[in-house]
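Colleague: Below is the file target_25.cif, with mmCIF, C-alpha atoms.
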```
data_upload
#
loop_
_atom_site.label_atom_id
_atom_site.label_comp_id
_atom_site.auth_asym_id
_atom_site.auth_seq_id
_atom_site.Cartn_x
_atom_site.Cartn_y
_atom_site.Cartn_z
CA MET A 1 0.00 0.00 0.00
CA THR A 2 1.00 3.63 -0.43
CA VAL A 3 1.32 5.85 2.62
CA PRO A 4 2.18 9.57 2.29
CA GLY A 5 5.71 10.35 3.44
CA LEU A 6 7.07 6.83 2.90
CA PRO A 7 9.70 5.77 2.54
CA MET A 8 11.09 8.24 5.06
CA ALA A 9 14.25 9.84 3.66
CA VAL A 10 17.28 9.25 5.88
CA PRO A 11 20.40 10.56 4.08
CA SER A 12 23.83 9.11 4.68
CA ARG A 13 27.06 11.08 4.50
CA ASP A 14 28.90 8.35 2.61
CA LEU A 15 26.47 8.36 -0.32
CA PRO A 16 25.98 10.64 -3.36
CA THR A 17 23.18 13.20 -3.30
CA ARG A 18 22.05 12.37 -6.84
CA VAL A 19 22.13 9.22 -8.98
CA ARG A 20 21.57 8.99 -12.73
CA ILE A 21 19.55 5.93 -13.68
CA HIS A 22 20.47 4.47 -17.06
CA GLU A 23 17.17 2.89 -18.10
CA VAL A 24 17.60 -0.31 -20.13
CA GLY A 25 14.04 -1.65 -20.20
CA ALA A 26 13.28 -0.83 -23.82
CA ARG A 27 16.41 -2.57 -25.12
CA ASP A 28 17.83 -5.07 -22.62
CA GLY A 29 14.41 -5.55 -21.04
CA LEU A 30 12.58 -6.47 -24.25
CA GLN A 31 15.26 -8.20 -26.32
CA ASN A 32 14.44 -11.66 -24.90
CA GLU A 33 10.70 -11.48 -25.42
CA LYS A 34 9.60 -14.39 -27.61
CA ALA A 35 6.51 -12.67 -28.99
CA THR A 36 7.28 -9.64 -31.14
CA VAL A 37 6.45 -6.40 -29.35
CA PRO A 38 4.93 -3.93 -31.85
CA THR A 39 7.13 -0.97 -32.70
CA GLU A 40 4.38 1.43 -31.64
CA VAL A 41 4.27 -0.18 -28.18
CA LYS A 42 8.04 0.15 -27.80
CA ALA A 43 7.86 3.81 -28.79
CA GLU A 44 5.04 4.45 -26.33
CA PHE A 45 7.02 2.66 -23.60
CA ILE A 46 10.02 4.95 -24.20
CA ARG A 47 7.81 8.05 -24.24
CA ARG A 48 6.17 7.07 -20.96
CA LEU A 49 9.57 6.42 -19.39
CA ALA A 50 10.71 9.90 -20.44
CA ASP A 51 7.51 11.38 -19.07
CA ALA A 52 8.26 9.68 -15.74
CA GLY A 53 11.55 11.57 -15.53
CA LEU A 54 14.10 9.11 -16.93
CA THR A 55 16.84 11.17 -18.61
CA THR A 56 18.80 8.28 -20.16
CA ILE A 57 16.76 5.61 -21.93
CA GLU A 58 18.50 2.96 -23.99
CA ALA A 59 16.29 2.79 -27.06
CA THR A 60 17.31 -0.17 -29.19
CA SER A 61 20.18 -2.09 -30.76
CA PHE A 62 21.53 -1.98 -34.31
CA VAL A 63 22.52 -5.63 -34.39
CA HIS A 64 21.74 -7.94 -37.29
CA PRO A 65 18.06 -8.96 -37.02
CA LYS A 66 18.85 -12.68 -37.04
CA TRP A 67 20.77 -12.34 -33.76
CA VAL A 68 18.14 -10.36 -31.87
CA PRO A 69 14.87 -10.53 -33.84
CA GLN A 70 12.98 -8.49 -31.24
CA LEU A 71 15.09 -5.43 -32.12
CA ALA A 72 14.88 -5.78 -35.89
CA ASP A 73 12.79 -2.61 -36.05
CA ALA A 74 15.57 -0.24 -34.89
CA GLU A 75 15.34 1.87 -38.07
CA GLN A 76 11.61 2.30 -37.62
CA LEU A 77 11.67 2.85 -33.84
CA PHE A 78 14.43 5.39 -33.39
CA PRO A 79 12.84 8.19 -35.49
CA MET A 80 9.60 7.72 -33.52
CA VAL A 81 11.30 8.79 -30.27
CA SER A 82 14.23 10.93 -31.42
CA ASP A 83 12.38 14.15 -30.57
CA LEU A 84 12.47 13.36 -26.85
CA HIS A 85 14.71 15.45 -24.59
CA ALA A 86 16.06 12.29 -22.93
CA ALA A 87 19.39 10.85 -24.05
CA LEU A 88 18.70 7.77 -26.22
CA PRO A 89 21.80 5.54 -26.40
CA VAL A 90 21.74 2.59 -28.82
CA LEU A 91 23.85 -0.54 -28.99
CA VAL A 92 26.17 -0.88 -32.00
CA PRO A 93 28.06 -4.18 -32.39
CA ASN A 94 30.27 -3.15 -35.30
CA GLU A 95 30.92 -0.44 -37.90
CA ARG A 96 27.85 -1.39 -39.91
CA GLY A 97 25.71 -0.93 -36.81
CA LEU A 98 27.38 2.41 -36.16
CA ASP A 99 26.64 3.51 -39.75
CA ARG A 100 22.96 2.71 -39.26
CA ALA A 101 22.80 4.54 -35.93
CA LEU A 102 24.62 7.64 -37.15
CA GLY A 103 22.44 7.73 -40.23
CA LEU A 104 19.42 8.20 -37.97
CA GLY A 105 21.09 10.90 -35.89
CA ALA A 106 22.03 8.87 -32.79
CA ARG A 107 24.41 10.82 -30.54
CA ARG A 108 25.07 8.16 -27.92
CA VAL A 109 26.15 4.61 -28.72
CA ALA A 110 27.34 1.59 -26.77
CA VAL A 111 29.58 -1.38 -27.54
CA PHE A 112 29.17 -4.68 -25.72
CA ALA A 113 32.40 -6.35 -24.62
CA SER A 114 33.14 -9.28 -22.33
CA ALA A 115 35.49 -9.83 -19.41
CA THR A 116 35.85 -13.52 -20.36
CA GLU A 117 36.89 -15.53 -23.38
CA SER A 118 33.89 -17.86 -23.12
CA PHE A 119 31.28 -15.13 -23.27
CA ALA A 120 33.12 -13.30 -26.06
CA LYS A 121 32.90 -16.54 -28.04
CA ALA A 122 29.21 -17.10 -27.19
CA ASN A 123 28.12 -13.51 -27.75
CA LEU A 124 30.38 -12.35 -30.58
CA ASN A 125 31.97 -15.57 -31.91
CA ARG A 126 35.38 -13.99 -31.32
CA THR A 127 38.23 -14.21 -28.86
CA LEU A 128 38.44 -11.42 -26.31
CA ASP A 129 41.30 -9.76 -28.17
CA GLU A 130 39.49 -10.10 -31.49
CA ALA A 131 36.38 -8.51 -30.00
CA LEU A 132 38.35 -5.56 -28.65
CA ALA A 133 40.02 -5.15 -32.03
CA MET A 134 36.59 -5.10 -33.67
CA PHE A 135 35.39 -2.35 -31.32
CA GLU A 136 38.43 -0.11 -31.77
CA PRO A 137 37.43 1.41 -35.15
CA VAL A 138 33.81 1.70 -33.96
CA VAL A 139 34.82 3.72 -30.90
CA SER A 140 37.38 5.74 -32.81
CA ARG A 141 34.93 6.73 -35.51
CA ALA A 142 32.16 7.51 -33.04
CA LYS A 143 34.49 9.81 -31.12
CA SER A 144 35.56 11.50 -34.36
CA GLU A 145 31.86 12.31 -34.85
CA ASP A 146 31.67 13.68 -31.28
CA VAL A 147 29.35 10.83 -30.27
CA HIS A 148 29.28 9.64 -26.64
CA VAL A 149 30.43 6.01 -26.28
CA ARG A 150 29.54 3.65 -23.46
CA GLY A 151 31.42 0.38 -23.07
CA TYR A 152 29.44 -2.49 -21.60
CA LEU A 153 31.53 -5.16 -19.94
CA SER A 154 29.67 -8.39 -19.25
CA MET A 155 30.61 -11.23 -16.86
CA CYS A 156 32.52 -8.95 -14.49
CA PHE A 157 31.65 -11.01 -11.42
CA GLY A 158 31.23 -14.54 -12.72
CA ASP A 159 30.84 -16.57 -15.91
CA PRO A 160 28.56 -19.62 -16.43
CA TRP A 161 31.34 -21.47 -18.26
CA GLU A 162 34.46 -20.25 -16.46
CA GLY A 163 33.13 -19.66 -12.96
CA ALA A 164 34.92 -16.99 -10.94
CA VAL A 165 36.45 -14.19 -12.99
CA PRO A 166 39.77 -12.84 -11.61
CA ILE A 167 39.55 -9.16 -10.72
CA PRO A 168 42.80 -8.27 -12.58
CA GLN A 169 41.27 -9.72 -15.76
CA VAL A 170 38.26 -7.41 -15.46
CA VAL A 171 40.51 -4.44 -14.73
CA LYS A 172 42.61 -5.18 -17.82
CA VAL A 173 39.61 -5.14 -20.17
CA CYS A 174 38.16 -2.03 -18.52
CA ARG A 175 41.44 -0.24 -18.97
CA ALA A 176 41.57 -1.31 -22.64
CA LEU A 177 38.06 0.07 -23.29
CA LEU A 178 38.86 3.40 -21.64
CA ASP A 179 42.16 3.67 -23.52
CA MET A 180 40.22 2.97 -26.71
CA GLY A 181 38.17 6.11 -26.07
CA CYS A 182 35.01 5.00 -24.25
CA ASP A 183 33.49 7.81 -22.21
CA GLU A 184 32.02 5.51 -19.57
CA LEU A 185 31.91 1.82 -18.70
CA SER A 186 29.08 -0.30 -17.36
CA LEU A 187 30.16 -3.21 -15.15
CA GLY A 188 27.80 -6.08 -15.82
CA ASP A 189 26.88 -8.82 -13.37
CA THR A 190 25.37 -10.76 -16.22
CA ILE A 191 24.33 -13.87 -14.28
CA GLY A 192 23.64 -12.09 -11.00
CA VAL A 193 26.31 -13.77 -8.84
CA ALA A 194 27.99 -10.67 -7.38
CA THR A 195 27.99 -9.93 -3.65
CA PRO A 196 28.79 -6.58 -1.98
CA GLY A 197 32.34 -7.46 -0.92
CA HIS A 198 33.19 -8.48 -4.48
CA VAL A 199 31.76 -5.20 -5.77
CA VAL A 200 33.88 -3.17 -3.34
CA ALA A 201 37.03 -5.15 -4.22
CA LEU A 202 36.55 -4.69 -7.98
CA LEU A 203 35.86 -0.96 -7.68
CA ALA A 204 38.92 -0.51 -5.47
CA ALA A 205 41.12 -2.36 -7.98
CA LEU A 206 39.74 -0.28 -10.83
CA ASP A 207 40.39 2.95 -8.95
CA GLU A 208 44.00 1.89 -8.35
CA ALA A 209 44.33 1.24 -12.09
CA GLY A 210 43.16 4.75 -12.94
CA VAL A 211 39.51 3.89 -13.61
CA PRO A 212 37.62 6.17 -11.18
CA PRO A 213 34.03 5.53 -10.04
CA THR A 214 32.95 8.65 -11.95
CA ALA A 215 33.72 6.76 -15.19
CA LEU A 216 31.61 3.77 -14.19
CA GLY A 217 28.06 2.56 -14.10
CA VAL A 218 26.91 -0.71 -12.55
CA HIS A 219 24.51 -3.21 -14.10
CA PHE A 220 23.26 -5.85 -11.66
CA HIS A 221 20.91 -8.75 -12.25
CA ASP A 222 18.80 -10.01 -9.35
CA THR A 223 19.28 -13.75 -9.85
CA TYR A 224 20.20 -14.32 -6.18
CA GLY A 225 18.40 -11.28 -4.76
CA GLN A 226 21.61 -9.28 -4.42
CA ALA A 227 21.07 -6.44 -6.89
CA LEU A 228 20.07 -3.73 -4.39
CA ALA A 229 22.75 -4.72 -1.89
CA ASN A 230 25.37 -4.63 -4.63
CA THR A 231 24.10 -1.26 -5.83
CA LEU A 232 24.35 0.21 -2.34
CA ALA A 233 27.93 -1.08 -2.07
CA ALA A 234 28.77 0.60 -5.38
CA LEU A 235 27.20 3.90 -4.29
CA GLN A 236 29.30 3.83 -1.11
CA GLN A 237 32.38 3.61 -3.35
CA GLY A 238 31.40 6.72 -5.32
CA VAL A 239 29.50 5.28 -8.30
CA THR A 240 26.63 7.57 -9.35
CA THR A 241 25.29 5.81 -12.48
CA VAL A 242 23.13 2.72 -12.08
CA ASP A 243 21.55 0.64 -14.85
CA ALA A 244 18.02 -0.57 -14.21
CA SER A 245 15.03 -1.86 -16.14
CA ALA A 246 11.48 -0.62 -15.66
CA GLY A 247 9.41 -3.38 -14.11
CA GLY A 248 12.47 -5.64 -13.77
CA LEU A 249 12.25 -6.79 -17.40
CA GLY A 250 15.11 -8.54 -19.11
CA GLY A 251 17.91 -11.04 -19.03
CA CYS A 252 20.57 -12.09 -21.51
CA PRO A 253 19.98 -14.21 -24.63
CA TYR A 254 23.46 -15.74 -24.51
CA ALA A 255 23.56 -16.57 -20.77
CA LYS A 256 20.59 -18.78 -19.96
CA SER A 257 21.11 -18.50 -16.18
CA ALA A 258 20.63 -14.72 -16.32
CA THR A 259 17.33 -13.55 -14.88
CA GLY A 260 15.79 -10.11 -14.72
CA ASN A 261 17.58 -6.83 -14.37
CA LEU A 262 17.33 -4.73 -11.24
CA ALA A 263 13.87 -3.13 -11.36
CA THR A 264 13.98 0.63 -11.76
CA GLU A 265 11.11 1.07 -9.29
CA ASP A 266 12.86 -0.98 -6.59
CA LEU A 267 15.99 1.11 -7.10
CA VAL A 268 14.07 4.41 -6.94
CA TRP A 269 12.33 3.30 -3.72
CA MET A 270 15.68 2.54 -2.07
CA LEU A 271 17.29 5.76 -3.31
CA ARG A 272 14.34 7.82 -2.14
CA GLY A 273 14.69 6.29 1.34
CA LEU A 274 18.36 7.26 1.33
CA GLY A 275 17.54 10.86 0.42
CA ILE A 276 19.16 10.49 -3.01
CA ASP A 277 17.64 12.49 -5.86
CA THR A 278 16.84 10.78 -9.17
CA GLY A 279 14.37 13.23 -10.73
CA ILE A 280 11.93 10.36 -11.28
CA ASP A 281 8.20 10.43 -10.60
CA LEU A 282 7.71 7.01 -9.01
CA GLY A 283 3.95 7.02 -9.51
CA ARG A 284 4.26 7.59 -13.25
CA LEU A 285 7.02 5.01 -13.48
CA VAL A 286 4.90 2.37 -11.72
CA ALA A 287 1.99 3.20 -14.03
CA THR A 288 4.30 2.79 -17.04
CA SER A 289 5.55 -0.62 -15.92
CA THR A 290 2.02 -1.75 -15.09
CA TRP A 291 0.96 -0.71 -18.60
CA MET A 292 3.93 -2.52 -20.19
CA ALA A 293 3.20 -5.65 -18.17
CA SER A 294 -0.33 -5.63 -19.58
CA GLN A 295 1.09 -5.36 -23.09
CA LEU A 296 3.28 -8.42 -22.42
CA GLY A 297 0.46 -10.32 -20.77
CA ARG A 298 2.07 -11.00 -17.41
CA PRO A 299 2.60 -9.21 -14.10
CA SER A 300 5.72 -7.18 -13.41
CA PRO A 301 8.35 -8.96 -11.29
CA SER A 302 9.19 -5.68 -9.53
CA ARG A 303 8.18 -5.81 -5.88
CA THR A 304 7.67 -2.06 -5.75
CA VAL A 305 5.40 -2.17 -8.80
CA ARG A 306 3.37 -4.92 -7.15
CA ALA A 307 3.17 -3.02 -3.88
CA LEU A 308 2.10 0.27 -5.43
CA SER A 309 0.18 -0.67 -8.56
CA HIS A 310 -3.12 -1.26 -6.77
CA GLU A 311 -3.01 2.26 -5.37
CA ASP A 312 -3.51 5.63 -7.00
CA THR A 313 -0.40 6.22 -9.12
CA GLU A 314 -0.13 9.93 -8.45
CA GLU A 315 3.07 11.02 -6.72
CA HIS A 316 2.87 11.22 -2.89
#
```
Once you've parsed the file, please lay out its structure as C-alpha cells.

Modeller:
Amino acid sequence: MTVPGLPMAVPSRDLPTRVRIHEVGARDGLQNEKATVPTEVKAEFIRRLADAGLTTIEATSFVHPKWVPQLADAEQLFPMVSDLHAALPVLVPNERGLDRALGLGARRVAVFASATESFAKANLNRTLDEALAMFEPVVSRAKSEDVHVRGYLSMCFGDPWEGAVPIPQVVKVCRALLDMGCDELSLGDTIGVATPGHVVALLAALDEAGVPPTALGVHFHDTYGQALANTLAALQQGVTTVDASAGGLGGCPYAKSATGNLATEDLVWMLRGLGIDTGIDLGRLVATSTWMASQLGRPSPSRTVRALSHEDTEEH
C-alpha cells in the first residue's frame, strides 16, 4: 500500500546526493521477449519512461536482425522517439551498426564487450582480443563524430562457463576500453552472482588502475536477490550511475542462467529512502511498468510495482 511520506528519507554522508539511472528496459528488457512487441508499443514505452523523468533511456540495438529478432525494427523505432529530450543511447556491435545509428542521428552509442573468453565466443563468436580489435574502429569513428560512447563489460563477477572471474582480468579489459576512447563503462553482473564485498574489491582495484568511479556505471541482475545490496555497495564507493530496467524486465539471450535486471522502481524506492535524488516520478514510473506488463500479458516482477500498482499512481 501507499502511505504519504514513505519511505522516510534518511540521508547518509557516505552516499551521493544524486544518482543517474540508465534505463535499459526498452532494449535489454525487451530483447528476450519471444513474442514480437509492436514498434508502436516500444515507442510508447520509451515516451512514458521519459515522461516519468528518466533522462537516459537505452532505445534499441543496431545488431543484425537474425541475432536479436525483437530489435529488428531499430530503423523504424528510433525516429519515432528521437524528438524526446532524454538521451537515447543505442547498442552498435560493429561499424555497420554504427553507420545505421549515425544515419538516424544517434548521438550516444554503446559497444558490448566481455570480461571472459567464453562469453566473447558465445556472444560475438570472437576471442576477447578479437572482439576488442573489432570495437576499436567503432569507438574511434564515433568519437571523431563527437558521439558519446559507453562500453558495456559483461561477466565482471562470474561466468557460467568459467566460474569466478579474476579481478585483474576485469581491470585489464576495462582499462583497454577506456584507452580505446570509451566515455564511460558499465560493469555487468550478467548472471547475478555478485555480492557486496566483491563489488567493493573490484571498484577498489579499478580505482588503483586509474579507472575512477565517476567513469563507471553498474549493471546488476537479481538472480540471487543481491542487486540492491550490490548497488548500495557501489554507491558507497562513489558510483553515481546505475543501470536498471522498468518493471524488472530482461535477461541475456546468450547466458541462460541470467534472470531479470534490477527493477527501476525498486531502485528508486531505495534511493528515495536514502535521500538520493533521481528526478523520477515514481507514480508515473509504476503506471508505465504496469501498462507494459499488460502489453506483455504477465505481471511485473518488480516488488515495488506490485506493492504500489493497486493504489492511486499519483506522486505522494

Colleague: For the file shown, report as a PyMOL selection string the outcome of the PyMOL selection byres ((chain A and resi 195) around 10) at residue level.

Modeller: chain A and resi 157+189+192-194+196-200+224-227+229-231+233

Colleague: Just the selected residues (C-alpha atoms), exported as a PDB file, in the frame of the given file, please.

Modeller:
```pdb
ATOM      1  CA  PHE A 157      31.650 -11.010 -11.420  1.00  0.00           C
ATOM      2  CA  ASP A 189      26.880  -8.820 -13.370  1.00  0.00           C
ATOM      3  CA  GLY A 192      23.640 -12.090 -11.000  1.00  0.00           C
ATOM      4  CA  VAL A 193      26.310 -13.770  -8.840  1.00  0.00           C
ATOM      5  CA  ALA A 194      27.990 -10.670  -7.380  1.00  0.00           C
ATOM      6  CA  PRO A 196      28.790  -6.580  -1.980  1.00  0.00           C
ATOM      7  CA  GLY A 197      32.340  -7.460  -0.920  1.00  0.00           C
ATOM      8  CA  HIS A 198      33.190  -8.480  -4.480  1.00  0.00           C
ATOM      9  CA  VAL A 199      31.760  -5.200  -5.770  1.00  0.00           C
ATOM     10  CA  VAL A 200      33.880  -3.170  -3.340  1.00  0.00           C
ATOM     11  CA  TYR A 224      20.200 -14.320  -6.180  1.00  0.00           C
ATOM     12  CA  GLY A 225      18.400 -11.280  -4.760  1.00  0.00           C
ATOM     13  CA  GLN A 226      21.610  -9.280  -4.420  1.00  0.00           C
ATOM     14  CA  ALA A 227      21.070  -6.440  -6.890  1.00  0.00           C
ATOM     15  CA  ALA A 229      22.750  -4.720  -1.890  1.00  0.00           C
ATOM     16  CA  ASN A 230      25.370  -4.630  -4.630  1.00  0.00           C
ATOM     17  CA  THR A 231      24.100  -1.260  -5.830  1.00  0.00           C
ATOM     18  CA  ALA A 233      27.930  -1.080  -2.070  1.00  0.00           C
TER      19      ALA A 233
END
```

Colleague: Using all atoms listed in the file, what does the table of region 89-144 of chain A residues within 7 Å of region 47-62 of chain A look like, with each row giving the shortest atom pair and its distance in Å to one decimal, sorted by chain and ascending number, as a Markdown table?

Modeller:
```
| residue | atom | partner | partner_atom | distance |
| --- | --- | --- | --- | --- |
| A:Pro89 | CA | A:Glu58 | CA | 4.8 |
| A:Val90 | CA | A:Thr60 | CA | 5.2 |
| A:Leu91 | CA | A:Ser61 | CA | 4.4 |
| A:Val92 | CA | A:Phe62 | CA | 5.3 |
| A:Gly97 | CA | A:Phe62 | CA | 5.0 |
| A:Arg100 | CA | A:Phe62 | CA | 7.0 |
| A:Ala101 | CA | A:Phe62 | CA | 6.8 |
```

Colleague: Quick check, in Å to one decimal: how far apart do CA of Arg284 (chain A) and CA of Ala307 (chain A) lie?

Modeller: 14.2 Å

Colleague: Considering only C-alpha atoms, state which residue in the set A:Gly29, A:Gly238, A:Gly163, A:Gly297 is at the smallest distance from Arg13 (chain A).

Modeller: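 Between A:Gly29, A:Gly238, A:Gly163, A:Gly297, the residue approaching Arg13 (chain A) most closely is A:Gly238.
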
Colleague: Which is closer to His221 (chain A) than all the others in A:Gly158, A:Gly283, A:Pro69, A:Pro38, using all atoms listed in the file?

Modeller: A:Gly158

Colleague: With the PyMOL selection byres ((chain A and resi 147) around 12) as the selection, what would be picked from this file? Answer as a PDB file with C-alpha atoms, in the frame of the given file, please.

Modeller:
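Okay, selection.pdb is ready:
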```pdb
ATOM      1  CA  ALA A  87      19.390  10.850 -24.050  1.00  0.00           C
ATOM      2  CA  LEU A  88      18.700   7.770 -26.220  1.00  0.00           C
ATOM      3  CA  PRO A  89      21.800   5.540 -26.400  1.00  0.00           C
ATOM      4  CA  VAL A  90      21.740   2.590 -28.820  1.00  0.00           C
ATOM      5  CA  LEU A  98      27.380   2.410 -36.160  1.00  0.00           C
ATOM      6  CA  ALA A 101      22.800   4.540 -35.930  1.00  0.00           C
ATOM      7  CA  LEU A 102      24.620   7.640 -37.150  1.00  0.00           C
ATOM      8  CA  GLY A 105      21.090  10.900 -35.890  1.00  0.00           C
ATOM      9  CA  ALA A 106      22.030   8.870 -32.790  1.00  0.00           C
ATOM     10  CA  ARG A 107      24.410  10.820 -30.540  1.00  0.00           C
ATOM     11  CA  ARG A 108      25.070   8.160 -27.920  1.00  0.00           C
ATOM     12  CA  VAL A 109      26.150   4.610 -28.720  1.00  0.00           C
ATOM     13  CA  ALA A 110      27.340   1.590 -26.770  1.00  0.00           C
ATOM     14  CA  VAL A 138      33.810   1.700 -33.960  1.00  0.00           C
ATOM     15  CA  VAL A 139      34.820   3.720 -30.900  1.00  0.00           C
ATOM     16  CA  SER A 140      37.380   5.740 -32.810  1.00  0.00           C
ATOM     17  CA  ARG A 141      34.930   6.730 -35.510  1.00  0.00           C
ATOM     18  CA  ALA A 142      32.160   7.510 -33.040  1.00  0.00           C
ATOM     19  CA  LYS A 143      34.490   9.810 -31.120  1.00  0.00           C
ATOM     20  CA  SER A 144      35.560  11.500 -34.360  1.00  0.00           C
ATOM     21  CA  GLU A 145      31.860  12.310 -34.850  1.00  0.00           C
ATOM     22  CA  ASP A 146      31.670  13.680 -31.280  1.00  0.00           C
ATOM     23  CA  HIS A 148      29.280   9.640 -26.640  1.00  0.00           C
ATOM     24  CA  VAL A 149      30.430   6.010 -26.280  1.00  0.00           C
ATOM     25  CA  ARG A 150      29.540   3.650 -23.460  1.00  0.00           C
ATOM     26  CA  GLY A 181      38.170   6.110 -26.070  1.00  0.00           C
ATOM     27  CA  CYS A 182      35.010   5.000 -24.250  1.00  0.00           C
ATOM     28  CA  ASP A 183      33.490   7.810 -22.210  1.00  0.00           C
TER      29      ASP A 183
END
```

Colleague: Measuring between only C-alpha atoms, which one of A:Ala26, A:Asn32, A:Glu95, A:Ser302 shows the shortest distance to Val81 (chain A)?

Modeller: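 Looking only at the distances to Val81 (chain A), the closest residue turns out to be A:Ala26.
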
Colleague: Between A:Leu187, A:Leu30, A:Leu202, A:Leu84, which one has atoms that come closest to Val68 (chain A), using only C-alpha atoms?

Modeller: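 The shortest atom-to-atom distance to Val68 (chain A) comes from A:Leu30.
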
Colleague: Quick one: which residues end up in the PyMOL selection byres ((chain A and resi 37) around 12) for this structure, as a PyMOL selection string?

Modeller: chain A and resi 26-27+29-36+38-45+69-73+77+292-297

Colleague: Provide an axis-aligned box for all listed atoms of region 89-103 of chain A, padding each side by 6 Å; report its centre and its edge lengths in Å to one decimal, as lines of an AutoDock Vina configuration file.

Modeller:
```
center_x = 26.3
center_y = 1.8
center_z = -33.3
size_x = 21.2
size_y = 23.9
size_z = 25.8
```

Colleague: Which is closer to Ala244 (chain A) than all the others in A:Leu153, A:Val10, A:Leu124, A:Leu262, using all atoms listed in the file?

Modeller: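 Closest to Ala244 (chain A), using all atoms listed in the file: A:Leu262.
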
Colleague: Name all residues at most 9 Å from Trp269 (chain A) (count only C-alpha atoms; drop same-chain ones fewer than 3 positions away) and give them as a list in words.

Modeller: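 The residues that qualify are Pro7, Thr264, Glu265, Asp266, Arg272, Gly273, Leu274, Leu282 and Thr304 of chain A.
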
Colleague: Keeping C-alpha atoms for every residue in the selection just given, could you write it to a file as a PDB file, in the coordinates of the input?

Modeller:
```pdb
ATOM      1  CA  PRO A   7       9.700   5.770   2.540  1.00  0.00           C
ATOM      2  CA  THR A 264      13.980   0.630 -11.760  1.00  0.00           C
ATOM      3  CA  GLU A 265      11.110   1.070  -9.290  1.00  0.00           C
ATOM      4  CA  ASP A 266      12.860  -0.980  -6.590  1.00  0.00           C
ATOM      5  CA  ARG A 272      14.340   7.820  -2.140  1.00  0.00           C
ATOM      6  CA  GLY A 273      14.690   6.290   1.340  1.00  0.00           C
ATOM      7  CA  LEU A 274      18.360   7.260   1.330  1.00  0.00           C
ATOM      8  CA  LEU A 282       7.710   7.010  -9.010  1.00  0.00           C
ATOM      9  CA  THR A 304       7.670  -2.060  -5.750  1.00  0.00           C
TER      10      THR A 304
END
```

Colleague: For a quick check of understanding, using all atoms listed in the file, which of A:Ile21, A:Met155, A:Leu185, A:Val63 has the smallest distance to Ala246 (chain A)?

Modeller: A:Ile21

Colleague: So the first atom is CA of Arg126 (chain A) and the second is CA of Leu178 (chain A); what is the distance between them in Å, to one decimal place?

Modeller: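 Atom-to-atom, CA of Arg126 (chain A) and CA of Leu178 (chain A) are spaced 20.2 Å apart.
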
Colleague: Taking 6 positions as the minimum chain separation for residues in the same chain, which residues sit within 12 Å of Met134 (chain A) when counting only C-alpha atoms? Answer as a count of residues only.

Modeller: 17

Colleague: Please provide the set of residues having any atom within 8 Å of region 203-218 of chain A, restricted to all atoms listed in the file, with same-chain residues fewer than 4 positions apart removed, written as a short mmCIF file (atom, residue, chain, number, x, y, z; two decimals) with C-alpha atoms, in the frame of the given file.

Modeller:
```cif
data_model
loop_
_atom_site.label_atom_id
_atom_site.label_comp_id
_atom_site.auth_asym_id
_atom_site.auth_seq_id
_atom_site.Cartn_x
_atom_site.Cartn_y
_atom_site.Cartn_z
CA ILE A 167 39.55 -9.16 -10.72
CA PRO A 168 42.80 -8.27 -12.58
CA VAL A 171 40.51 -4.44 -14.73
CA CYS A 174 38.16 -2.03 -18.52
CA ARG A 175 41.44 -0.24 -18.97
CA ASP A 183 33.49 7.81 -22.21
CA GLU A 184 32.02 5.51 -19.57
CA LEU A 185 31.91 1.82 -18.70
CA SER A 186 29.08 -0.30 -17.36
CA LEU A 187 30.16 -3.21 -15.15
CA GLY A 188 27.80 -6.08 -15.82
CA VAL A 199 31.76 -5.20 -5.77
CA THR A 231 24.10 -1.26 -5.83
CA ALA A 234 28.77 0.60 -5.38
CA GLN A 237 32.38 3.61 -3.35
CA GLY A 238 31.40 6.72 -5.32
CA VAL A 239 29.50 5.28 -8.30
CA THR A 240 26.63 7.57 -9.35
CA THR A 241 25.29 5.81 -12.48
CA VAL A 242 23.13 2.72 -12.08
CA ASP A 243 21.55 0.64 -14.85
#
```

Colleague: For a test of reading the model, state the distance in Å between CA of Gly275 (chain A) and CA of Arg303 (chain A), rounded to one decimal.

Modeller: 20.1 Å
